[in-house]
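Asks: Before I ask anything, let me first share the structure, which is written out below as structure tokens.
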Amino acid sequence: MGSLFNIINIPFGAMIRWFNEITGNYLIALLLFAIVVKLVMAPLAIKQQKNQIKQAKLRPLEMAIRRRYSGRNDKVTQQKVQQEVMELYQQEGYSPFSGCLPLLIQFPIIISLYQIIRKPLTYICSISAEGVNAIIGKLQSFGMFADKTVETLAEDQISLVNAVKGLTDVQFAEIAMIENVDKIADINLTVFGVLDLAQTPSFGNISWLWLIPVITFVTSFLGMRISRKFQPQPATQQSEDAAASMKMMDITMPLMSVFFTFMFSGAIGVYWIYQNVLNVIQTVIIAKIMPIPPCSEEDIRAAEKQLAGKGGKNKKRELDPNRPKPRSLHHIDDDDEDVPPSPAEADKEEEAGKEAPASPDAPKLKDDEQGKYRNK
């Protein structure tokens, strides 16, 4: 798995190193890196937007199908609704799971990015794993990081940067033979002289680092609210519980981001802030260029008429034209006289015709006057 992530980590790490060399500021280097990553992943965001547009165009038909069965919550009816919706998707060539592919592709990239930021000695300074372990061993021999293991420090190397930069000349001479160790001095993790991004915010120690969790919460909260405005409308009307869940998510998700910023170094939190801001900018730009069509009441009514027309045609094709039309059980149809009588009814009508006396007003036939037809 490590070699798989190295395919992404090595070139991206070289990119951060290059940005850090030309700017001389690790904070700006992270910003430029976040912008490049967002541009690289823009095609996936565009593909996801196209998928949402296609879904939005089918929404009137989907809502018309759901309205047809509104008020019926039994299991059979709900299965019928889902079946018709899936048939609609298949006819239009839309897959509701196609939007998951861009997310699946982004997932390993996101993991890789955090590895790069957490391991500047490995991916920015190009120090080997043996060299990193040697540096950690020397720092611990100097009385630093006594409460942490080598494995923990090797996974989160940001704290090692300032530790190495704070060594005396005599101490640094003991690690000077490690390849590329001199590049650590080029990484500047201090912002405005007061904010050390190598440190981790602490609940028990209020400092300038608390700005990172606060800004993370604000950008995450606003980002979710703004992004939801550009998302397609749900196919079904949300219940009060669903609406309450959405509001709760608007709070819990940013709070989770804040919680993680208290677990990692400040550099991770800053990158998280960059991503939140860039996500909002990307969402707004794509939504303006490729807007998602709204679903109005007129669109739903037109879709209902369209479905009714298709249903009528399908029923006509299914009926046998030679099959006699059955009598209605609820009312007398206007064309019931076209239905042939049953054999029993035919016999009764024949007997009634024989027994019925001739009408006195009926005109006499010519043959009757001549006595050719007489009753016997």
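Ordering of the structure tokens sets the chain letters (A, B, ...); residue numbers start at 1 within each chain; ligands are numbered from 1 in the order shown.
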Among the residues of stretch 140-193 of chain A, find those DSSP assigns to helix (DSSP H, G or I) from the backbone and print them as a ChimeraX atom specification.

Replies: /A:140-141,150-155,158-165,169-173,181-186

Asks: Go ahead and save the residues from that selection, with N, CA and C atoms, as an mmCIF file, in the first residue's frame.

Replies:
```cif
data_model
loop_
_atom_site.group_PDB
_atom_site.id
_atom_site.type_symbol
_atom_site.label_atom_id
_atom_site.label_comp_id
_atom_site.auth_asym_id
_atom_site.auth_seq_id
_atom_site.Cartn_x
_atom_site.Cartn_y
_atom_site.Cartn_z
ATOM 1 N N GLN A 140 16.095 12.233 20.563
ATOM 2 C CA GLN A 140 15.733 11.634 21.852
ATOM 3 C C GLN A 140 16.947 11.494 22.766
ATOM 4 N N SER A 141 18.104 11.281 22.167
ATOM 5 C CA SER A 141 19.318 11.215 22.995
ATOM 6 C C SER A 141 19.666 12.573 23.582
ATOM 7 N N VAL A 150 9.521 6.221 18.396
ATOM 8 C CA VAL A 150 10.113 6.516 17.086
ATOM 9 C C VAL A 150 9.060 6.399 15.995
ATOM 10 N N GLU A 151 8.185 5.384 16.109
ATOM 11 C CA GLU A 151 7.154 5.172 15.090
ATOM 12 C C GLU A 151 6.190 6.354 15.025
ATOM 13 N N THR A 152 5.809 6.870 16.197
ATOM 14 C CA THR A 152 4.886 8.010 16.229
ATOM 15 C C THR A 152 5.514 9.242 15.599
ATOM 16 N N LEU A 153 6.748 9.518 15.930
ATOM 17 C CA LEU A 153 7.431 10.681 15.371
ATOM 18 C C LEU A 153 7.687 10.522 13.879
ATOM 19 N N ALA A 154 7.915 9.296 13.428
ATOM 20 C CA ALA A 154 8.158 9.063 12.006
ATOM 21 C C ALA A 154 6.903 9.286 11.180
ATOM 22 N N GLU A 155 5.715 9.091 11.799
ATOM 23 C CA GLU A 155 4.456 9.299 11.091
ATOM 24 C C GLU A 155 4.031 10.756 11.095
ATOM 25 N N ILE A 158 6.230 16.795 11.445
ATOM 26 C CA ILE A 158 6.233 18.261 11.451
ATOM 27 C C ILE A 158 6.927 18.809 12.694
ATOM 28 N N SER A 159 6.715 18.140 13.821
ATOM 29 C CA SER A 159 7.346 18.605 15.064
ATOM 30 C C SER A 159 8.860 18.459 15.025
ATOM 31 N N LEU A 160 9.365 17.587 14.137
ATOM 32 C CA LEU A 160 10.810 17.389 14.049
ATOM 33 C C LEU A 160 11.511 18.565 13.378
ATOM 34 N N VAL A 161 10.759 19.307 12.548
ATOM 35 C CA VAL A 161 11.378 20.393 11.785
ATOM 36 C C VAL A 161 11.962 21.441 12.722
ATOM 37 N N ASN A 162 11.128 21.976 13.611
ATOM 38 C CA ASN A 162 11.623 23.007 14.535
ATOM 39 C C ASN A 162 12.642 22.453 15.519
ATOM 40 N N ALA A 163 12.495 21.156 15.850
ATOM 41 C CA ALA A 163 13.461 20.548 16.779
ATOM 42 C C ALA A 163 14.855 20.528 16.166
ATOM 43 N N VAL A 164 14.935 20.157 14.889
ATOM 44 C CA VAL A 164 16.234 20.123 14.208
ATOM 45 C C VAL A 164 16.780 21.537 14.038
ATOM 46 N N LYS A 165 15.886 22.479 13.685
ATOM 47 C CA LYS A 165 16.331 23.857 13.487
ATOM 48 C C LYS A 165 16.792 24.508 14.795
ATOM 49 N N ASP A 169 25.119 23.985 17.159
ATOM 50 C CA ASP A 169 26.039 23.546 16.112
ATOM 51 C C ASP A 169 26.665 22.205 16.457
ATOM 52 N N VAL A 170 26.975 22.006 17.723
ATOM 53 C CA VAL A 170 27.581 20.737 18.141
ATOM 54 C C VAL A 170 26.594 19.592 17.959
ATOM 55 N N GLN A 171 25.330 19.830 18.351
ATOM 56 C CA GLN A 171 24.313 18.786 18.208
ATOM 57 C C GLN A 171 24.021 18.501 16.734
ATOM 58 N N PHE A 172 23.937 19.559 15.930
ATOM 59 C CA PHE A 172 23.631 19.361 14.511
ATOM 60 C C PHE A 172 24.750 18.606 13.805
ATOM 61 N N ALA A 173 25.978 18.763 14.286
ATOM 62 C CA ALA A 173 27.114 18.073 13.660
ATOM 63 C C ALA A 173 26.963 16.562 13.745
ATOM 64 N N VAL A 181 19.749 16.461 5.110
ATOM 65 C CA VAL A 181 19.300 16.994 6.397
ATOM 66 C C VAL A 181 19.375 18.515 6.414
ATOM 67 N N ASP A 182 20.253 19.099 5.588
ATOM 68 C CA ASP A 182 20.391 20.550 5.549
ATOM 69 C C ASP A 182 19.163 21.232 4.949
ATOM 70 N N LYS A 183 18.312 20.471 4.200
ATOM 71 C CA LYS A 183 17.117 21.056 3.588
ATOM 72 C C LYS A 183 16.034 21.367 4.617
ATOM 73 N N ILE A 184 16.167 20.805 5.816
ATOM 74 C CA ILE A 184 15.167 21.065 6.855
ATOM 75 C C ILE A 184 15.144 22.546 7.214
ATOM 76 N N ALA A 185 16.287 23.201 7.119
ATOM 77 C CA ALA A 185 16.369 24.625 7.469
ATOM 78 C C ALA A 185 15.545 25.496 6.535
ATOM 79 N N ASP A 186 15.204 24.981 5.338
ATOM 80 C CA ASP A 186 14.434 25.770 4.369
ATOM 81 C C ASP A 186 12.938 25.776 4.665
#
```

Asks: Env of stretch 99-115 of chain A: 10 Å cut, atoms = only C-alpha atoms, seq-sep filter 4 positions within chain, self excluded. Answer as a compact mmCIF listing (two decimals) with N, CA and C atoms, in the first residue's frame.

Replies:
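Result file is out29.txt:
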```
# COMPACT_ATOMS: atom_id res chain seq x y z
N GLY A 2 2.00 1.19 0.74
CA GLY A 2 2.89 2.34 0.78
C GLY A 2 3.45 2.69 -0.58
N LEU A 4 2.04 2.10 -3.38
CA LEU A 4 0.95 2.66 -4.18
C LEU A 4 0.80 4.15 -3.91
N PHE A 5 0.82 4.53 -2.64
CA PHE A 5 0.69 5.95 -2.30
C PHE A 5 1.92 6.74 -2.71
N ASN A 6 3.07 6.10 -2.79
CA ASN A 6 4.28 6.81 -3.20
C ASN A 6 4.18 7.32 -4.63
N ILE A 7 3.35 6.66 -5.45
CA ILE A 7 3.15 7.12 -6.83
C ILE A 7 2.59 8.54 -6.82
N ILE A 8 1.77 8.85 -5.82
CA ILE A 8 1.20 10.19 -5.68
C ILE A 8 2.07 11.05 -4.77
N ASN A 9 2.57 10.45 -3.71
CA ASN A 9 3.29 11.23 -2.70
C ASN A 9 4.56 11.88 -3.23
N ILE A 10 5.34 11.12 -4.00
CA ILE A 10 6.65 11.62 -4.44
C ILE A 10 6.52 12.85 -5.34
N PHE A 12 3.93 14.93 -5.68
CA PHE A 12 3.29 16.02 -4.94
C PHE A 12 4.24 16.59 -3.89
N GLY A 13 5.03 15.72 -3.25
CA GLY A 13 6.02 16.20 -2.29
C GLY A 13 7.06 17.09 -2.95
N PHE A 33 0.01 24.69 -3.29
CA PHE A 33 -0.16 23.25 -3.48
C PHE A 33 -1.64 22.89 -3.47
N ALA A 34 -2.42 23.46 -2.54
CA ALA A 34 -3.86 23.18 -2.46
C ALA A 34 -4.57 23.62 -3.73
N VAL A 37 -3.74 21.09 -6.53
CA VAL A 37 -4.48 19.85 -6.32
C VAL A 37 -5.94 20.03 -6.71
N MET A 41 -7.95 17.95 -9.70
CA MET A 41 -9.16 17.17 -9.42
C MET A 41 -10.42 17.83 -9.96
N PRO A 43 -11.59 18.01 -13.09
CA PRO A 43 -12.39 17.16 -13.99
C PRO A 43 -13.33 16.22 -13.25
N LEU A 44 -12.93 15.72 -12.10
CA LEU A 44 -13.81 14.85 -11.32
C LEU A 44 -15.01 15.64 -10.79
N ALA A 45 -14.77 16.87 -10.36
CA ALA A 45 -15.87 17.71 -9.89
C ALA A 45 -16.82 18.06 -11.03
N ILE A 46 -16.28 18.29 -12.22
CA ILE A 46 -17.13 18.59 -13.38
C ILE A 46 -17.97 17.37 -13.75
N LYS A 47 -17.37 16.20 -13.71
CA LYS A 47 -18.11 14.97 -14.01
C LYS A 47 -19.24 14.76 -13.00
N GLN A 48 -18.96 15.04 -11.75
CA GLN A 48 -19.99 14.90 -10.72
C GLN A 48 -21.11 15.91 -10.94
N GLN A 49 -20.78 17.12 -11.38
CA GLN A 49 -21.79 18.13 -11.65
C GLN A 49 -22.67 17.70 -12.83
N LYS A 50 -22.07 17.14 -13.86
CA LYS A 50 -22.85 16.65 -15.00
C LYS A 50 -23.81 15.55 -14.57
N ASN A 51 -23.36 14.71 -13.67
CA ASN A 51 -24.21 13.64 -13.17
C ASN A 51 -25.40 14.22 -12.39
N GLN A 52 -25.17 15.28 -11.62
CA GLN A 52 -26.25 15.91 -10.88
C GLN A 52 -27.22 16.62 -11.82
N SER A 95 -27.25 6.37 -13.97
CA SER A 95 -26.97 5.49 -12.85
C SER A 95 -26.81 6.33 -11.59
N LYS A 119 4.58 14.41 6.71
CA LYS A 119 5.95 13.89 6.60
C LYS A 119 6.81 14.79 5.72
N PRO A 120 7.09 16.00 6.17
CA PRO A 120 7.90 16.90 5.34
C PRO A 120 9.34 16.42 5.16
N THR A 122 10.33 13.39 4.76
CA THR A 122 10.35 12.32 3.75
C THR A 122 10.07 12.84 2.36
N TYR A 123 9.01 13.65 2.21
CA TYR A 123 8.54 14.01 0.88
C TYR A 123 8.99 15.40 0.42
N GLU A 155 5.72 9.09 11.80
CA GLU A 155 4.46 9.30 11.09
C GLU A 155 4.03 10.76 11.09
N ASP A 156 4.42 11.50 12.11
CA ASP A 156 4.08 12.93 12.20
C ASP A 156 5.38 13.70 12.40
N GLN A 157 5.99 14.08 11.28
CA GLN A 157 7.34 14.64 11.31
C GLN A 157 7.38 16.15 11.43
N ALA A 267 -0.21 22.75 10.80
CA ALA A 267 -0.10 22.74 9.34
C ALA A 267 -1.24 21.96 8.70
N ILE A 268 -1.66 20.86 9.33
CA ILE A 268 -2.80 20.08 8.82
C ILE A 268 -4.07 20.92 8.88
N TYR A 271 -4.10 23.52 6.10
CA TYR A 271 -4.44 22.91 4.81
C TYR A 271 -5.94 22.61 4.75
N TRP A 272 -6.52 22.20 5.86
CA TRP A 272 -7.96 21.93 5.92
C TRP A 272 -8.74 23.20 5.63
```

Asks: Give me, as a list in words, all polymer residues having an atom no more than 8 Å from stretch 289-293 of chain A, counting only C-alpha atoms and skipping those fewer than 3 positions away in the same chain.

Replies: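 Residues meeting the cut-off are Gln49, Lys50, Gln52, Ile53, Ala56, Lys57, Phe230, Gln231, Pro232, Ile285 and Ile286 of chain A.
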
Asks: As an MDAnalysis selection string, please: every residue in stretch 158-295 of chain A that DSSP puts in strand (DSSP E).

Replies: chainID A and resid 190:191 195:196

Asks: Of the candidates A:Val76, A:Leu27, A:Ile175, A:Gln306, which shows the shortest atom-to-atom distance to A:Gly269, using only C-alpha atoms?

Replies: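 The closest residue to A:Gly269 is A:Leu27.
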
Asks: Between A:Val40, A:Ile65, A:Leu167, A:Ala244, which is the closest to A:Met144 once you count only C-alpha atoms?

Replies: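 The answer is A:Leu167, which sits nearest to A:Met144.
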
Asks: Would you kindly return, as a PyMOL selection string, each protein, DNA or RNA residue with an atom no farther than 12 Å from any atom of A:Leu58, considering only C-alpha atoms and excluding same-chain residues fewer than 4 positions away?

Replies: chain A and resi 51-54+62-65+85-96+232-235+292-295+299-300+303

Asks: Could you save those same residues with C-alpha atoms as an mmCIF file, in the first residue's frame?

Replies:
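After the write, selection10.cif holds the following:
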```cif
data_model
loop_
_atom_site.group_PDB
_atom_site.id
_atom_site.type_symbol
_atom_site.label_atom_id
_atom_site.label_comp_id
_atom_site.auth_asym_id
_atom_site.auth_seq_id
_atom_site.Cartn_x
_atom_site.Cartn_y
_atom_site.Cartn_z
ATOM 1 C CA ASN A 51 -24.213 13.643 -13.171
ATOM 2 C CA GLN A 52 -26.255 15.906 -10.884
ATOM 3 C CA ILE A 53 -27.585 17.836 -13.885
ATOM 4 C CA LYS A 54 -28.741 14.607 -15.496
ATOM 5 C CA GLU A 62 -39.386 10.809 -10.744
ATOM 6 C CA MET A 63 -41.593 13.055 -8.626
ATOM 7 C CA ALA A 64 -44.549 12.358 -10.934
ATOM 8 C CA ILE A 65 -44.052 8.638 -10.330
ATOM 9 C CA VAL A 85 -37.914 4.886 -10.764
ATOM 10 C CA MET A 86 -35.104 2.430 -11.582
ATOM 11 C CA GLU A 87 -36.750 1.634 -14.933
ATOM 12 C CA LEU A 88 -36.821 5.376 -15.653
ATOM 13 C CA TYR A 89 -33.114 5.631 -14.843
ATOM 14 C CA GLN A 90 -32.315 2.685 -17.117
ATOM 15 C CA GLN A 91 -34.323 4.116 -20.013
ATOM 16 C CA GLU A 92 -32.510 7.452 -19.739
ATOM 17 C CA GLY A 93 -29.069 5.877 -19.224
ATOM 18 C CA TYR A 94 -28.577 7.328 -15.748
ATOM 19 C CA SER A 95 -26.972 5.489 -12.847
ATOM 20 C CA PRO A 96 -27.477 6.880 -9.321
ATOM 21 C CA PRO A 232 -30.414 19.494 -6.670
ATOM 22 C CA GLN A 233 -33.736 19.400 -4.874
ATOM 23 C CA PRO A 234 -34.690 16.108 -3.227
ATOM 24 C CA ALA A 235 -37.155 13.920 -5.140
ATOM 25 C CA ILE A 292 -28.482 22.524 -12.173
ATOM 26 C CA PRO A 293 -31.996 22.995 -13.652
ATOM 27 C CA PRO A 294 -34.686 23.591 -11.012
ATOM 28 C CA CYS A 295 -37.748 21.387 -10.691
ATOM 29 C CA ASP A 299 -42.455 20.613 -14.782
ATOM 30 C CA ILE A 300 -43.976 17.977 -12.512
ATOM 31 C CA ALA A 303 -44.246 14.957 -16.431
#
```

Asks: Atom CA of A:Glu297 and atom CA of A:Gln82 are how many Å apart?

Replies: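 These atoms are spaced 21.6 Å apart.
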
Asks: For each of A:Ala146, A:Ile22, A:Met249, A:Ile16, take the minimum atom-to-atom distance to A:Val36, counting only C-alpha atoms, then give the residue where this is smallest.

Replies: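 Distance minimum relative to A:Val36 lands on A:Ile16.
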
Asks: Given only C-alpha atoms as the basis, pick out the residue of A:Glu304, A:Glu298, A:Asp147, A:Asp250 nearest to A:Ser227.

Replies: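 Looking only at the distances to A:Ser227, the closest residue turns out to be A:Asp250.
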
Asks: Suppose you want the space between atom CA of A:Gly131 and atom CA of A:Met177; what is it in Å?

Replies: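 So the answer is 9.5 Å.
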